[in-house]
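Structure file data_25.cif with mmCIF, C-alpha atoms; chains and numbers go by the auth columns:
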data_my_file
loop_
_atom_site.group_PDB
_atom_site.id
_atom_site.type_symbol
_atom_site.label_atom_id
_atom_site.label_comp_id
_atom_site.label_asym_id
_atom_site.label_seq_id
_atom_site.Cartn_x
_atom_site.Cartn_y
_atom_site.Cartn_z
_atom_site.B_iso_or_equiv
_atom_site.auth_seq_id
_atom_site.auth_asym_id
ATOM 1 C CA MET A 1 132.202 98.539 49.050 0.00 1 A
ATOM 2 C CA LYS A 2 132.054 101.269 51.688 0.00 2 A
ATOM 3 C CA LYS A 3 128.224 101.172 51.698 0.00 3 A
ATOM 4 C CA ILE A 4 128.239 97.411 52.201 0.00 4 A
ATOM 5 C CA SER A 5 130.628 97.745 55.146 0.00 5 A
ATOM 6 C CA ILE A 6 128.417 100.402 56.734 0.00 6 A
ATOM 7 C CA ILE A 7 125.327 98.240 56.278 0.00 7 A
ATOM 8 C CA ILE A 8 127.061 95.192 57.803 0.00 8 A
ATOM 9 C CA ILE A 9 128.307 97.236 60.766 0.00 9 A
ATOM 10 C CA SER A 10 124.819 98.736 61.258 0.00 10 A
ATOM 11 C CA ILE A 11 123.199 95.297 61.248 0.00 11 A
ATOM 12 C CA PHE A 12 125.808 93.998 63.697 0.00 12 A
ATOM 13 C CA LEU A 13 125.173 96.934 66.050 0.00 13 A
ATOM 14 C CA ILE A 14 121.407 96.427 65.914 0.00 14 A
ATOM 15 C CA PHE A 15 121.723 92.740 66.811 0.00 15 A
ATOM 16 C CA SER A 16 124.270 93.518 69.519 0.00 16 A
ATOM 17 C CA CYS A 17 121.919 96.034 71.150 0.00 17 A
ATOM 18 C CA GLN A 18 119.014 93.574 70.961 0.00 18 A
ATOM 19 C CA ASN A 19 121.178 90.872 72.539 0.00 19 A
ATOM 20 C CA ILE A 20 122.185 93.223 75.388 0.00 20 A
ATOM 21 C CA ASP A 21 118.528 94.185 75.970 0.00 21 A
ATOM 22 C CA SER A 22 117.536 90.522 75.940 0.00 22 A
ATOM 23 C CA LYS A 23 120.210 89.612 78.498 0.00 23 A
ATOM 24 C CA ALA A 24 119.239 92.557 80.720 0.00 24 A
ATOM 25 C CA ASN A 25 115.586 91.503 80.634 0.00 25 A
ATOM 26 C CA GLU A 26 116.537 87.883 81.341 0.00 26 A
ATOM 27 C CA SER A 27 118.534 89.092 84.330 0.00 27 A
ATOM 28 C CA ARG A 28 115.506 91.036 85.614 0.00 28 A
ATOM 29 C CA ILE A 29 113.318 87.931 85.287 0.00 29 A
ATOM 30 C CA ILE A 30 115.840 85.793 87.178 0.00 30 A
ATOM 31 C CA GLN A 31 116.109 88.432 89.918 0.00 31 A
ATOM 32 C CA PHE A 32 112.310 88.690 90.252 0.00 32 A
ATOM 33 C CA GLU A 33 111.761 84.916 90.339 0.00 33 A
ATOM 34 C CA LYS A 34 114.595 84.375 92.814 0.00 34 A
ATOM 35 C CA PHE A 35 113.187 87.054 95.129 0.00 35 A
ATOM 36 C CA LEU A 36 109.635 85.715 94.834 0.00 36 A
ATOM 37 C CA GLY A 37 110.706 82.099 95.270 0.00 37 A
ATOM 38 C CA ASN A 38 110.530 79.180 92.886 0.00 38 A
ATOM 39 C CA ASN A 39 107.090 77.867 93.886 0.00 39 A
ATOM 40 C CA LYS A 40 105.471 81.298 93.798 0.00 40 A
ATOM 41 C CA ALA A 41 107.116 82.188 90.473 0.00 41 A
ATOM 42 C CA ASN A 42 105.950 78.880 88.970 0.00 42 A
ATOM 43 C CA ALA A 43 102.401 79.436 90.210 0.00 43 A
ATOM 44 C CA LEU A 44 102.357 82.891 88.611 0.00 44 A
ATOM 45 C CA THR A 45 103.751 81.527 85.335 0.00 45 A
ATOM 46 C CA LEU A 46 101.097 78.789 85.257 0.00 46 A
ATOM 47 C CA LYS A 47 98.419 81.447 85.709 0.00 47 A
ATOM 48 C CA VAL A 48 99.849 83.400 82.756 0.00 48 A
ATOM 49 C CA VAL A 49 99.791 80.230 80.615 0.00 49 A
ATOM 50 C CA ASP A 50 96.191 79.536 81.676 0.00 50 A
ATOM 51 C CA PHE A 51 95.200 83.128 80.935 0.00 51 A
ATOM 52 C CA GLU A 52 96.683 82.943 77.446 0.00 52 A
ATOM 53 C CA LYS A 53 94.725 79.731 76.771 0.00 53 A
ATOM 54 C CA PHE A 54 91.632 81.582 78.025 0.00 54 A
ATOM 55 C CA LEU A 55 92.354 84.458 75.628 0.00 55 A
ATOM 56 C CA GLN A 56 92.889 82.100 72.681 0.00 56 A
ATOM 57 C CA THR A 57 89.585 80.356 73.438 0.00 57 A
ATOM 58 C CA ASN A 58 87.550 83.516 73.959 0.00 58 A
ATOM 59 C CA LEU A 59 89.223 86.027 71.634 0.00 59 A
ATOM 60 C CA SER A 60 90.424 83.778 68.830 0.00 60 A
ATOM 61 C CA GLY A 61 91.620 85.018 65.473 0.00 61 A
ATOM 62 C CA ILE A 62 93.997 87.677 66.792 0.00 62 A
ATOM 63 C CA SER A 63 97.550 87.576 68.096 0.00 63 A
ATOM 64 C CA ILE A 64 98.113 86.991 71.798 0.00 64 A
ATOM 65 C CA GLU A 65 99.378 90.582 72.259 0.00 65 A
ATOM 66 C CA LYS A 66 96.256 91.973 70.569 0.00 66 A
ATOM 67 C CA SER A 67 94.056 89.709 72.685 0.00 67 A
ATOM 68 C CA TYR A 68 95.624 91.169 75.863 0.00 68 A
ATOM 69 C CA ALA A 69 94.741 94.657 74.591 0.00 69 A
ATOM 70 C CA LYS A 70 91.223 93.578 73.559 0.00 70 A
ATOM 71 C CA TYR A 71 90.621 92.004 76.984 0.00 71 A
ATOM 72 C CA LEU A 72 91.685 95.246 78.696 0.00 72 A
ATOM 73 C CA GLU A 73 89.446 97.252 76.336 0.00 73 A
ATOM 74 C CA ILE A 74 86.500 95.062 77.374 0.00 74 A
ATOM 75 C CA ILE A 75 87.281 95.607 81.063 0.00 75 A
ATOM 76 C CA LYS A 76 87.830 99.346 80.552 0.00 76 A
ATOM 77 C CA SER A 77 84.453 99.686 78.826 0.00 77 A
ATOM 78 C CA GLY A 78 82.658 97.860 81.649 0.00 78 A
ATOM 79 C CA GLU A 79 81.341 95.215 79.233 0.00 79 A
ATOM 80 C CA TYR A 80 83.050 92.215 80.866 0.00 80 A
ATOM 81 C CA ASP A 81 79.803 90.729 82.205 0.00 81 A
ATOM 82 C CA GLU A 82 78.173 90.970 78.772 0.00 82 A
ATOM 83 C CA TYR A 83 80.463 88.263 77.371 0.00 83 A
ATOM 84 C CA SER A 84 79.977 84.510 77.760 0.00 84 A
ATOM 85 C CA TRP A 85 83.496 83.627 78.889 0.00 85 A
ATOM 86 C CA ASN A 86 84.704 80.028 78.696 0.00 86 A
ATOM 87 C CA TYR A 87 87.037 78.942 81.511 0.00 87 A
ATOM 88 C CA ASN A 88 88.741 75.623 82.090 0.00 88 A
ATOM 89 C CA ALA A 89 87.265 75.230 85.577 0.00 89 A
ATOM 90 C CA THR A 90 89.501 72.307 86.561 0.00 90 A
ATOM 91 C CA GLU A 91 92.703 74.075 85.575 0.00 91 A
ATOM 92 C CA LYS A 92 91.559 77.305 87.216 0.00 92 A
ATOM 93 C CA LYS A 93 90.840 75.427 90.449 0.00 93 A
ATOM 94 C CA GLN A 94 94.276 73.718 90.388 0.00 94 A
ATOM 95 C CA ILE A 95 96.081 77.016 89.795 0.00 95 A
ATOM 96 C CA ASN A 96 94.126 78.696 92.600 0.00 96 A
ATOM 97 C CA LYS A 97 95.168 75.857 94.934 0.00 97 A
ATOM 98 C CA LEU A 98 98.784 76.329 93.841 0.00 98 A
ATOM 99 C CA PHE A 99 98.504 80.080 94.532 0.00 99 A
ATOM 100 C CA GLU A 100 97.274 79.218 98.013 0.00 100 A
ATOM 101 C CA SER A 101 99.751 76.422 98.839 0.00 101 A
ATOM 102 C CA SER A 102 102.791 78.313 97.512 0.00 102 A
ATOM 103 C CA GLY A 103 101.928 81.378 99.599 0.00 103 A
ATOM 104 C CA LEU A 104 101.673 83.602 96.516 0.00 104 A
ATOM 105 C CA LYS A 105 98.063 84.501 97.238 0.00 105 A
ATOM 106 C CA GLN A 106 99.065 86.065 100.577 0.00 106 A
ATOM 107 C CA GLU A 107 101.976 87.918 98.946 0.00 107 A
ATOM 108 C CA ILE A 108 99.532 89.649 96.590 0.00 108 A
ATOM 109 C CA TRP A 109 96.311 89.956 98.594 0.00 109 A
ATOM 110 C CA ASN A 110 95.219 90.467 102.193 0.00 110 A
ATOM 111 C CA TYR A 111 92.029 88.723 103.261 0.00 111 A
ATOM 112 C CA ASN A 112 89.989 89.974 106.203 0.00 112 A
ATOM 113 C CA SER A 113 86.993 87.840 107.085 0.00 113 A
ATOM 114 C CA SER A 114 86.110 90.004 110.086 0.00 114 A
ATOM 115 C CA LEU A 115 85.010 92.855 107.799 0.00 115 A
ATOM 116 C CA THR A 116 82.584 90.673 105.858 0.00 116 A
ATOM 117 C CA ASN A 117 81.388 87.153 106.447 0.00 117 A
ATOM 118 C CA GLU A 118 83.824 84.218 106.544 0.00 118 A
ATOM 119 C CA GLU A 119 82.486 82.789 103.287 0.00 119 A
ATOM 120 C CA PHE A 120 83.399 85.935 101.320 0.00 120 A
ATOM 121 C CA PRO A 121 86.313 87.698 103.033 0.00 121 A
ATOM 122 C CA LEU A 122 87.252 91.208 101.956 0.00 122 A
ATOM 123 C CA LYS A 123 90.244 91.115 99.587 0.00 123 A
ATOM 124 C CA THR A 124 92.660 94.057 99.506 0.00 124 A
ATOM 125 C CA PHE A 125 95.990 94.473 97.757 0.00 125 A
ATOM 126 C CA ASN A 126 99.041 93.636 99.892 0.00 126 A
ATOM 127 C CA LYS A 127 101.292 96.702 99.534 0.00 127 A
ATOM 128 C CA PHE A 128 104.015 94.989 101.575 0.00 128 A
ATOM 129 C CA GLY A 129 104.061 91.578 99.906 0.00 129 A
ATOM 130 C CA LYS A 130 106.883 90.019 97.942 0.00 130 A
ATOM 131 C CA TYR A 131 105.027 90.438 94.654 0.00 131 A
ATOM 132 C CA LEU A 132 105.131 94.244 94.751 0.00 132 A
ATOM 133 C CA LYS A 133 108.609 94.313 96.321 0.00 133 A
ATOM 134 C CA GLY A 134 109.839 92.001 93.555 0.00 134 A
ATOM 135 C CA LEU A 135 108.511 94.405 90.926 0.00 135 A
ATOM 136 C CA GLU A 136 110.249 97.272 92.740 0.00 136 A
ATOM 137 C CA LEU A 137 113.558 95.406 92.434 0.00 137 A
ATOM 138 C CA ILE A 138 113.336 95.157 88.650 0.00 138 A
ATOM 139 C CA GLN A 139 111.444 98.331 87.709 0.00 139 A
ATOM 140 C CA GLU A 140 114.545 100.142 86.319 0.00 140 A
ATOM 141 C CA SER A 141 113.320 102.606 83.687 0.00 141 A
ATOM 142 C CA ASP A 142 110.112 100.825 82.717 0.00 142 A
ATOM 143 C CA SER A 143 107.545 103.595 83.109 0.00 143 A
ATOM 144 C CA THR A 144 104.560 101.223 83.037 0.00 144 A
ATOM 145 C CA ILE A 145 105.904 99.181 85.958 0.00 145 A
ATOM 146 C CA ILE A 146 107.052 102.313 87.814 0.00 146 A
ATOM 147 C CA ASN A 147 103.572 103.871 87.527 0.00 147 A
ATOM 148 C CA TYR A 148 101.877 100.608 88.518 0.00 148 A
ATOM 149 C CA ILE A 149 104.022 100.392 91.663 0.00 149 A
ATOM 150 C CA LYS A 150 103.347 104.045 92.551 0.00 150 A
ATOM 151 C CA ILE A 151 99.582 103.557 92.214 0.00 151 A
ATOM 152 C CA LYS A 152 99.548 100.302 94.174 0.00 152 A
ATOM 153 C CA LYS A 153 101.659 101.772 96.999 0.00 153 A
ATOM 154 C CA ALA A 154 99.605 104.969 97.186 0.00 154 A
ATOM 155 C CA ILE A 155 96.099 103.594 96.727 0.00 155 A
ATOM 156 C CA GLY A 156 96.289 99.806 96.839 0.00 156 A
ATOM 157 C CA ASP A 157 93.064 98.709 95.217 0.00 157 A
ATOM 158 C CA VAL A 158 92.154 100.541 92.035 0.00 158 A
ATOM 159 C CA SER A 159 89.036 100.176 89.918 0.00 159 A
ATOM 160 C CA LYS A 160 89.692 97.548 87.237 0.00 160 A
ATOM 161 C CA ASN A 161 88.420 99.756 84.416 0.00 161 A
ATOM 162 C CA ILE A 162 90.659 102.651 85.513 0.00 162 A
ATOM 163 C CA LEU A 163 93.690 100.362 85.786 0.00 163 A
ATOM 164 C CA ALA A 164 92.920 98.797 82.380 0.00 164 A
ATOM 165 C CA ASP A 165 92.649 102.280 80.868 0.00 165 A
ATOM 166 C CA GLY A 166 96.001 103.247 82.375 0.00 166 A
ATOM 167 C CA LEU A 167 97.745 100.169 80.950 0.00 167 A
ATOM 168 C CA LEU A 168 96.251 100.820 77.524 0.00 168 A
ATOM 169 C CA LYS A 169 97.200 104.514 77.556 0.00 169 A
ATOM 170 C CA SER A 170 100.759 103.678 78.628 0.00 170 A
ATOM 171 C CA ASN A 171 101.134 101.542 75.506 0.00 171 A
ATOM 172 C CA ALA A 172 102.193 98.609 77.673 0.00 172 A
ATOM 173 C CA ASP A 173 104.165 95.904 75.898 0.00 173 A
ATOM 174 C CA PHE A 174 101.818 92.922 76.068 0.00 174 A
ATOM 175 C CA SER A 175 104.630 90.541 75.168 0.00 175 A
ATOM 176 C CA ASP A 176 106.612 91.627 78.253 0.00 176 A
ATOM 177 C CA TYR A 177 107.087 89.052 81.033 0.00 177 A
ATOM 178 C CA PHE A 178 106.242 91.535 83.813 0.00 178 A
ATOM 179 C CA ILE A 179 103.293 93.228 82.101 0.00 179 A
ATOM 180 C CA LYS A 180 101.707 89.801 81.581 0.00 180 A
ATOM 181 C CA ARG A 181 102.025 89.050 85.293 0.00 181 A
ATOM 182 C CA ILE A 182 100.551 92.409 86.290 0.00 182 A
ATOM 183 C CA ILE A 183 97.558 91.774 84.021 0.00 183 A
ATOM 184 C CA VAL A 184 97.028 88.252 85.356 0.00 184 A
ATOM 185 C CA VAL A 185 97.218 89.417 88.977 0.00 185 A
ATOM 186 C CA GLU A 186 94.861 92.343 88.433 0.00 186 A
ATOM 187 C CA PHE A 187 92.387 91.084 85.846 0.00 187 A
ATOM 188 C CA TYR A 188 92.149 87.293 85.669 0.00 188 A
ATOM 189 C CA PRO A 189 89.424 86.533 86.307 0.00 189 A
ATOM 190 C CA ALA A 190 87.980 90.016 86.057 0.00 190 A
ATOM 191 C CA ASN A 191 84.885 89.389 88.146 0.00 191 A
#

Please, can you express the file's structure as structure tokens?
Amino acid sequence: MKKISIIIISIFLIFSCQNIDSKANESRIIQFEKFLGNNKANALTLKVVDFEKFLQTNLSGISIEKSYAKYLEIIKSGEYDEYSWNYNATEKKQINKLFESSGLKQEIWNYNSSLTNEEFPLKTFNKFGKYLKGLELIQESDSTIINYIKIKKAIGDVSKNILADGLLKSNADFSDYFIKRIIVVEFYPAN
């Protein structure tokens, strides 16, 4: 009887801890989305959904988390251009318009057409935008997010294969809300 009581208490404690973690993460998501703004947060979420459809189309047969890792492995290895990627061009165009109209694009990237020609302006990471500041608000003890923020603040633009390698070596949780958004911002599309 004593063993059964211990097992029941242990199970209860495990579920209680998971519930607390879940509520804490939900609170972080709400805080991030509120800071970023509803339209910008929705645009970013739509891009994550589109990216996951892209992964399912191009890297089918594996779980979504494994496809995130596989995609980063391909980028890390420099083999991205060797694949025949299938995009939903219409959806991609609509999401890019939403990024622009919501103001999210300017929160993530700076564009300077005076450094190149107007048709292809130079794109650099916006170290002072709401996207990075929003991640700073919720970083807590997440070492992957903390390291990402440090790199982006110190360097700004980082080689995609180096950044992909760093995410893979950090054992990033590819089911995590924030990790998915970092990957979408940095790597989709990768060219």

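The space separating atom CA of Phe99 of chain A from atom CA of Gln139 of chain A comes to 23.4 Å.
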
So what do you get for atom CA of Val49 of chain A versus atom CA of Ile155 of chain A, distance-wise?
->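 Atom-to-atom, atom CA of Val49 of chain A and atom CA of Ile155 of chain A are spaced 28.6 Å apart.
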
Spatial neighbours of Ala164 of chain A, max dist 6 Å, all atoms listed in the file, sep filter under 3 positions, as a VMD selection string = chain A and resid 72 76 160 to 161 167

Which residue out of A:Val184, A:Ala41, A:Gln31, A:Leu36 has the minimum interatomic distance to Leu98 of chain A when all atoms listed in the file are used?
->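 Ranking A:Val184, A:Ala41, A:Gln31, A:Leu36 by distance to Leu98 of chain A, first place goes to A:Ala41.
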
In Å to one decimal, how far is atom CA of Gly134 of chain A from atom CA of Phe32 of chain A?
->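 Atom-to-atom, atom CA of Phe32 of chain A to atom CA of Gly134 of chain A, that is 5.3 Å.
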
Of the candidates A:Trp109, A:Phe174, A:Phe128, A:Phe187, which one gets nearest to Lys153 of chain A if we count only C-alpha atoms?
-> A:Phe128

Given all atoms listed in the file as the counted atoms, nearest of A:Ile138, A:Thr144, A:Ala154, A:Ile108 to Ile29 of chain A | A:Ile138

Give me the residues within 12 Å of Lys93 of chain A as a list in words, counting all atoms listed in the file and dropping any in the same chain fewer than 6 places off.
-> Leu46, Lys47, Asp50, Tyr87, Phe99, Glu100 and Pro189 of chain A

Selection under test: the PyMOL selection byres ((chain A and resi 86) around 10); residues as a ChimeraX atom specification | /A:54-55,57-58,83-85,87-89

Translate the PyMOL selection byres ((chain A and resi 68) around 9), as applied to the file shown, into an explicit residue set as a PyMOL selection string.
-> chain A and resi 52+55+63-67+69-73+174+180+183

Atoms kept (C-alpha atoms) for selection, written as a short mmCIF file (atom, residue, chain, number, x, y, z; two decimals), in the frame of the given file:
data_model
loop_
_atom_site.label_atom_id
_atom_site.label_comp_id
_atom_site.auth_asym_id
_atom_site.auth_seq_id
_atom_site.Cartn_x
_atom_site.Cartn_y
_atom_site.Cartn_z
CA GLU A 52 96.68 82.94 77.45
CA LEU A 55 92.35 84.46 75.63
CA SER A 63 97.55 87.58 68.10
CA ILE A 64 98.11 86.99 71.80
CA GLU A 65 99.38 90.58 72.26
CA LYS A 66 96.26 91.97 70.57
CA SER A 67 94.06 89.71 72.68
CA ALA A 69 94.74 94.66 74.59
CA LYS A 70 91.22 93.58 73.56
CA TYR A 71 90.62 92.00 76.98
CA LEU A 72 91.68 95.25 78.70
CA GLU A 73 89.45 97.25 76.34
CA PHE A 174 101.82 92.92 76.07
CA LYS A 180 101.71 89.80 81.58
CA ILE A 183 97.56 91.77 84.02
#

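Using all atoms listed in the file, the shortest contact distance between Lys133 of chain A and any of A:Glu33, A:Glu26, A:Asp81, A:Glu186 is found at A:Glu33.
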
Taking all atoms of segment 173-179 of chain A that appear in the file, build a box with edges along x, y and z, extend it by 8 Å on every side, and state its centre and edge lengths in Å to one decimal, as JSON.
{"center_x": 104.5, "center_y": 92.5, "center_z": 79.5, "size_x": 21.3, "size_y": 22.9, "size_z": 24.6}
